[in-house]
Protein chains: 2
Amino acid sequence: METTARRPGRPSDPRIDEQLLRGTQDLLVEQGYERLTMDAVAQRCGASKATIYRRWPSKAALVVAAAAAALQAPDVPDTGDLRTDLLECGRAYLQREGRDSQILAAVMSASRYDPALRDAAQHALGAPFGNLFEQVLSRAVDREGVSAVVDVPTLAQVFPAIAYQQVAAQGRLITEQDVVRVVDGVLLPALAAQATFAAGARR
Amino acid sequence: METTARRPGRPSDPRIDEQLLRGTQDLLVEQGYERLTMDAVAQRCGASKATIYRRWPSKAALVVAAAAAALQAPDVPDTGDLRTDLLECGRAYLQREGRDSQILAAVMSASRYDPALRDAAQHALGAPFGNLFEQVLSRAVDREGVSAVVDVPTLAQVFPAIAYQQVAAQGRLITEQDVVRVVDGVLLPALAAQATFAAGARR
DNA sequence: CTGTTTGAGTACCTTATAGTATCGATACGG
DNA sequence: CCGTATCGATACTATAAGGTACTCAAACAG
C-alpha cells in the first residue's frame, strides 16, 4: 500500500513552498501584515498567485504558515553559570531579532485585530521565548536554593517584553548591550535581592 | 488688537472637534489604525467627511491628533515610601490602560510601518510613561543613597515595556495584580539587590 | 501518446477606502 | 440682507487588494 498515494499529474515543487514562505517572511518584516500583499509575495518569488492559493487558502493562512516556519525553539543554555546562561538566553533571542522575531512581531501586532492570526501567534510565540528564560531561572532557583520567594514567571517575562516593545514599538533591534543591560540591571539584581531577603529572614 | 482675528462666516464648532477626536480614539481601540476608516469616524460622530478633512488634512493627521489629545502626563507620585510611589506609577499607567494606552498602542503598532505616525508616537508616548518611573526611581536613588550602581533608565523601562507588550501583543489589559507583580517581583528586588551590592562593597 | 496536475502569466471581479467635489442649509459678521 | 464659512449628506474618483478564472507550457503516470 502506498501511503503517499501518488496522484497523477505534475507533482508540486517543494522548493516553491520554501521560496513562498521565505518571501512572505521578508515582506512581513519589511511591510507588516496589513501592507503585505499577495501580489507582492507572488512577484518577489517569481510565482503566480494561483500557485500560492493552491497551497494556502488565504492570506492569513499563508502568513501563519510563514511565521510557523520561521520559528524553531533554541536550546536552553546550561553552562553552570547563571549569568552566562541568562546572557545566552538573550543572545538566542538576539539572533532571532534580526529576522524571526520581527516576523512574529509583525504577526502579533496584526493579530490584535485579526482573531485568525491571533491563535497562531499565541501558539507559536508564547512557548519558545517565555520558556527559555523560565527554564533557566527556575533551574537556578532549584540549584542555587533561591527558592520560594522568586517570582520566576514575571522575571521570565521581563526580557521578552522589553525586546518585543523595543522592536514592535520603537523599531530598534536588540543589541548585545541590551542583553547585558537587562541581565545585569534587572534579572540578576532581582534574583540576588530575593536571595538576600531569604537569607535575611534567618536573622 | 484682536489676536484671534475674527474671520467672516460661520465659525467651526469646537464640540465637533472633540467628538471627532473621541470617535477616532474609540475606533483606534476597537479596530486599530489600519482598519480605522474615515467613513467610520464620520458615521460614528454623525459628521461628514468634509467636516473631518476641513480640520485635518489626512487620516494620519487625524489619528495623531486623537492620540495626542488622549495623552496627558500624570503627576509624579511622592508619598515618601518608594514602594507606594512605584505602585502609584503603575496605577497611573493602569488607569490609562483601559483606553489611552490602547490608543497609543494601536498607533505605535502601525507607526512601525508609517513614518508619519512614528514621530508623533515617539514624541507623545516616550516622555510621560518613561519619565514617571524614571523620576521616582532616580529620586529614590538620591534620597536612599542607592546611587551609582543602579541602572535607572533600564529599570524605568521595565514596566512600560511589559505593559505595552501585554496590551499590544497579547491584548490583555493591565491589572492591579500586574502592577504589584512587577513592582514587588522586579523593581524593588533589583533596587534592594544593588543597595546590597553597594553595602557589600564596604566589606 | 493521453490524461492530469502544477506552474507562470494575466485578466478580471468585487469590495474597500482615502480623498475630492457638490449641494442645500445654517450660523456668523458687517 | 449679503457675503462667507461651516455643516451634514451624498456622490464620485482613483486606487488598491483579496481572491477567481483562464491560457498555455511543462512534468509526471500509465
# chains A, B, ... in the order shown; residues from 1 in each chain; ligands from 1
>>> residues_around(residues="DA27 in chain D", least_positions_apart="6", cutoff="8 Å", atoms="only C-alpha atoms (C1' of nucleotides)", output="NGL selection string")
(:A and (9-11)) or (:C and (6))
>>> write_last_selection(atoms="C-alpha atoms (C1' of nucleotides)", output="PDB file, in the first residue's frame")
ATOM      1  CA  GLY A   9      -0.112  14.756 -12.971  1.00  0.00           C
ATOM      2  CA  ARG A  10       2.832  17.017 -12.276  1.00  0.00           C
ATOM      3  CA  PRO A  11       3.917  16.967  -8.632  1.00  0.00           C
TER       4      PRO A  11
ATOM      5  C1'  DT C   6       1.444  22.063 -11.488  1.00  0.00           C
TER       6       DT C   6
END
>>> interface_residues(of="chain C", to="chain A", cutoff="8 Å", atoms="only C-alpha atoms (C1' of nucleotides)", output="list of chain:residue names")
C:DT4, C:DT5, C:DT6, C:DG7, C:DA8, C:DG9
>>> write_last_selection(atoms="C-alpha atoms (C1' of nucleotides)", output="mmCIF file, in the first residue's frame")
data_model
loop_
_atom_site.group_PDB
_atom_site.id
_atom_site.type_symbol
_atom_site.label_atom_id
_atom_site.label_comp_id
_atom_site.auth_asym_id
_atom_site.auth_seq_id
_atom_site.Cartn_x
_atom_site.Cartn_y
_atom_site.Cartn_z
ATOM 1 C "C1'" DT C 4 -3.925 15.011 -15.088
ATOM 2 C "C1'" DT C 5 -1.785 18.279 -12.268
ATOM 3 C "C1'" DT C 6 1.444 22.063 -11.488
ATOM 4 C "C1'" DG C 7 3.387 26.172 -12.990
ATOM 5 C "C1'" DA C 8 3.807 31.462 -14.734
ATOM 6 C "C1'" DG C 9 1.318 34.984 -16.533
#
>>> select_by_dssp(residues="range 12-171 of chain B", states="alpha helix (DSSP H)", output="PyMOL selection string")
chain B and resi 14-35+38-45+49-55+59-70+82-97+100-111+115-144+152-164
>>> write_last_selection(atoms="C-alpha atoms", output="compact mmCIF listing (two decimals), in the first residue's frame")
# COMPACT_ATOMS: atom_id res chain seq x y z
CA PRO B 14 -15.27 73.15 18.82
CA ARG B 15 -17.54 70.46 20.23
CA ILE B 16 -17.34 68.73 16.90
CA ASP B 17 -13.58 68.66 17.20
CA GLU B 18 -13.89 66.86 20.48
CA GLN B 19 -16.44 64.42 19.16
CA LEU B 20 -14.27 63.58 16.19
CA LEU B 21 -11.21 63.05 18.34
CA ARG B 22 -13.10 60.87 20.78
CA GLY B 23 -14.64 58.86 17.97
CA THR B 24 -11.24 58.38 16.42
CA GLN B 25 -9.87 57.22 19.74
CA ASP B 26 -12.68 54.72 20.16
CA LEU B 27 -12.15 53.31 16.71
CA LEU B 28 -8.42 53.10 17.25
CA VAL B 29 -9.05 50.95 20.29
CA GLU B 30 -11.60 48.78 18.57
CA GLN B 31 -10.12 48.48 15.11
CA GLY B 32 -6.51 49.59 15.14
CA TYR B 33 -5.02 52.11 12.79
CA GLU B 34 -5.15 50.22 9.54
CA ARG B 35 -8.77 49.18 9.91
CA MET B 38 -12.56 57.88 7.77
CA ASP B 39 -16.10 56.90 6.86
CA ALA B 40 -16.43 55.04 10.14
CA VAL B 41 -15.24 58.07 12.08
CA ALA B 42 -17.66 60.31 10.25
CA GLN B 43 -20.57 57.96 10.69
CA ARG B 44 -19.93 57.32 14.37
CA CYS B 45 -19.78 61.04 15.07
CA LYS B 49 -16.05 63.53 5.90
CA ALA B 50 -15.80 67.08 4.65
CA THR B 51 -16.01 68.21 8.26
CA ILE B 52 -13.10 65.97 9.15
CA TYR B 53 -10.94 66.99 6.24
CA ARG B 54 -11.63 70.62 6.96
CA ARG B 55 -9.83 70.08 10.28
CA LYS B 59 -6.02 60.11 8.19
CA ALA B 60 -2.56 60.15 9.73
CA ALA B 61 -3.02 63.70 10.95
CA LEU B 62 -6.39 62.89 12.47
CA VAL B 63 -5.05 59.86 14.28
CA VAL B 64 -2.03 61.74 15.53
CA ALA B 65 -4.27 64.47 16.86
CA ALA B 66 -6.50 61.93 18.55
CA ALA B 67 -3.56 60.20 20.17
CA ALA B 68 -2.10 63.48 21.34
CA ALA B 69 -5.44 64.51 22.78
CA ALA B 70 -5.66 61.24 24.69
CA LEU B 82 9.25 54.05 47.44
CA ARG B 83 7.02 51.02 47.03
CA THR B 84 3.90 53.14 47.26
CA ASP B 85 5.26 55.55 44.68
CA LEU B 86 6.17 52.76 42.28
CA LEU B 87 2.76 51.18 42.65
CA GLU B 88 1.26 54.57 42.01
CA CYS B 89 3.27 54.91 38.82
CA GLY B 90 1.90 51.59 37.69
CA ARG B 91 -1.61 52.56 38.63
CA ALA B 92 -1.44 55.84 36.79
CA TYR B 93 -0.41 53.71 33.87
CA LEU B 94 -3.19 51.31 34.70
CA GLN B 95 -5.87 53.98 34.59
CA ARG B 96 -4.76 54.85 31.12
CA GLU B 97 -4.63 51.20 30.14
CA ASP B 100 -5.50 55.82 26.34
CA SER B 101 -2.75 53.28 26.32
CA GLN B 102 -4.63 51.11 23.88
CA ILE B 103 -4.96 54.10 21.63
CA LEU B 104 -1.27 54.68 21.79
CA ALA B 105 -0.50 51.00 21.39
CA ALA B 106 -2.57 50.98 18.22
CA VAL B 107 -0.72 54.00 16.92
CA MET B 108 2.63 52.58 17.88
CA SER B 109 1.96 49.27 16.20
CA ALA B 110 1.04 50.96 12.98
CA SER B 111 3.78 53.55 13.21
CA PRO B 115 6.92 57.14 9.47
CA ALA B 116 4.39 59.95 9.77
CA LEU B 117 2.75 58.27 12.73
CA ARG B 118 6.06 57.23 14.14
CA ASP B 119 7.31 60.64 15.16
CA ALA B 120 4.07 61.55 16.86
CA ALA B 121 4.00 58.29 18.81
CA GLN B 122 7.61 58.63 19.89
CA HIS B 123 7.01 62.19 20.97
CA ALA B 124 3.69 61.58 22.63
CA LEU B 125 4.36 58.31 24.40
CA GLY B 126 8.07 58.25 25.10
CA ALA B 127 8.09 61.10 27.55
CA PRO B 128 5.24 60.69 30.03
CA PHE B 129 5.48 57.00 30.84
CA GLY B 130 9.21 56.57 30.81
CA ASN B 131 9.69 59.72 32.84
CA LEU B 132 7.22 58.68 35.51
CA PHE B 133 9.23 55.72 36.68
CA GLU B 134 12.50 57.39 35.90
CA GLN B 135 11.75 60.29 38.17
CA VAL B 136 10.55 58.16 41.04
CA LEU B 137 13.49 55.80 40.72
CA SER B 138 16.17 58.42 40.43
CA ARG B 139 14.66 60.35 43.31
CA ALA B 140 14.81 57.18 45.39
CA VAL B 141 18.42 56.77 44.39
CA ASP B 142 19.24 60.26 45.54
CA ARG B 143 17.37 60.01 48.82
CA GLU B 144 18.01 56.42 49.78
CA VAL B 152 17.75 53.67 36.44
CA PRO B 153 16.93 54.04 32.74
CA THR B 154 16.68 50.30 32.25
CA LEU B 155 14.62 49.76 35.37
CA ALA B 156 12.33 52.60 34.35
CA GLN B 157 11.82 50.84 31.06
CA VAL B 158 10.67 47.55 32.59
CA PHE B 159 7.12 48.35 33.46
CA PRO B 160 6.20 50.30 30.33
CA ALA B 161 7.67 47.52 28.22
CA ILE B 162 5.71 44.79 29.97
CA ALA B 163 2.56 46.84 29.81
CA TYR B 164 2.98 47.60 26.15
>>> closest_atom_pairs(of="chain D", to="chain B", cutoff="9 Å", atoms="only C-alpha atoms (C1' of nucleotides)", output="Markdown table")
| residue | atom | partner | partner_atom | distance |
| --- | --- | --- | --- | --- |
| D:DG3 | C1' | B:Gly9 | CA | 8.0 |
| D:DT4 | C1' | B:Gly9 | CA | 4.3 |
| D:DA5 | C1' | B:Gly9 | CA | 4.1 |
| D:DT6 | C1' | B:Arg10 | CA | 5.4 |
| D:DC7 | C1' | B:Thr51 | CA | 7.0 |
| D:DG8 | C1' | B:Ser48 | CA | 5.6 |
| D:DA9 | C1' | B:Ser48 | CA | 7.1 |
>>> residues_around(residues="DA21 in chain C", least_positions_apart="5", cutoff="10 Å", atoms="only C-alpha atoms (C1' of nucleotides)", output="ChimeraX atom specification")
/B:50 /D:11-13
>>> atom_distance(atom1="CA of Ile174 in chain A", atom2="CA of Asp151 in chain B")
17.7 Å
>>> closest_residue(among="D:DT20, D:DG30, D:DA25, D:DC2", to="DC13 in chain C", atoms="only C-alpha atoms (C1' of nucleotides)")
D:DT20
>>> residues_around(residues="DA16 in chain D", least_positions_apart="6", cutoff="10 Å", atoms="only C-alpha atoms (C1' of nucleotides)", output="number ranges by chain")
A: 37; C: 16-17
>>> write_last_selection(atoms="N, CA and C atoms (P, O5', C5', C4', C3', O3' and C1' of nucleotides)", output="PDB file, in the first residue's frame")
ATOM      1  N   THR A  37       1.046  42.199   0.535  1.00  0.00           N
ATOM      2  CA  THR A  37       0.024  41.833  -0.436  1.00  0.00           C
ATOM      3  C   THR A  37       0.399  40.523  -1.112  1.00  0.00           C
TER       4      THR A  37
ATOM      5  P    DA C  16     -16.945  45.564   1.556  1.00  0.00           P
ATOM      6  O5'  DA C  16     -15.665  46.469   1.806  1.00  0.00           O
ATOM      7  C5'  DA C  16     -14.398  45.845   1.947  1.00  0.00           C
ATOM      8  C4'  DA C  16     -13.310  46.886   1.891  1.00  0.00           C
ATOM      9  C3'  DA C  16     -13.642  48.178   2.650  1.00  0.00           C
ATOM     10  O3'  DA C  16     -12.552  48.480   3.499  1.00  0.00           O
ATOM     11  C1'  DA C  16     -12.950  48.662   0.426  1.00  0.00           C
ATOM     12  P    DT C  17     -12.774  49.470   4.711  1.00  0.00           P
ATOM     13  O5'  DT C  17     -11.898  50.721   4.299  1.00  0.00           O
ATOM     14  C5'  DT C  17     -10.637  50.520   3.695  1.00  0.00           C
ATOM     15  C4'  DT C  17     -10.189  51.762   2.976  1.00  0.00           C
ATOM     16  C3'  DT C  17     -10.677  53.080   3.609  1.00  0.00           C
ATOM     17  O3'  DT C  17      -9.573  53.941   3.731  1.00  0.00           O
ATOM     18  C1'  DT C  17     -11.041  53.111   1.307  1.00  0.00           C
TER      19       DT C  17
END
>>> residues_around(residues="Leu188 in chain A", least_positions_apart="3", cutoff="9 Å", atoms="only C-alpha atoms (C1' of nucleotides)", output="PyMOL selection string")
(chain A and resi 82-83+86+182-185+191-193) or (chain B and resi 190+193)
>>> write_last_selection(atoms="C-alpha atoms", output="JSON list (two decimals), in the first residue's frame")
[["chain", "number", "residue", "atom", "x", "y", "z"],
["A", 82, "LEU", "CA", 23.61, 31.65, 35.83],
["A", 83, "ARG", "CA", 24.73, 34.93, 34.32],
["A", 86, "LEU", "CA", 20.84, 34.31, 31.05],
["A", 182, "VAL", "CA", 18.70, 43.75, 31.25],
["A", 183, "VAL", "CA", 20.51, 40.75, 32.70],
["A", 184, "ASP", "CA", 22.85, 42.79, 34.88],
["A", 185, "GLY", "CA", 20.46, 45.63, 35.54],
["A", 191, "LEU", "CA", 17.41, 37.31, 41.95],
["A", 192, "ALA", "CA", 20.22, 38.44, 44.22],
["A", 193, "ALA", "CA", 17.89, 40.60, 46.26],
["B", 190, "ALA", "CA", 16.51, 44.93, 41.72],
["B", 193, "ALA", "CA", 19.99, 43.98, 45.49]]
>>> closest_residue(among="B:Asp114, B:Asp81, B:Glu176, B:Asp75", to="chain A", atoms="only C-alpha atoms")
B:Asp114
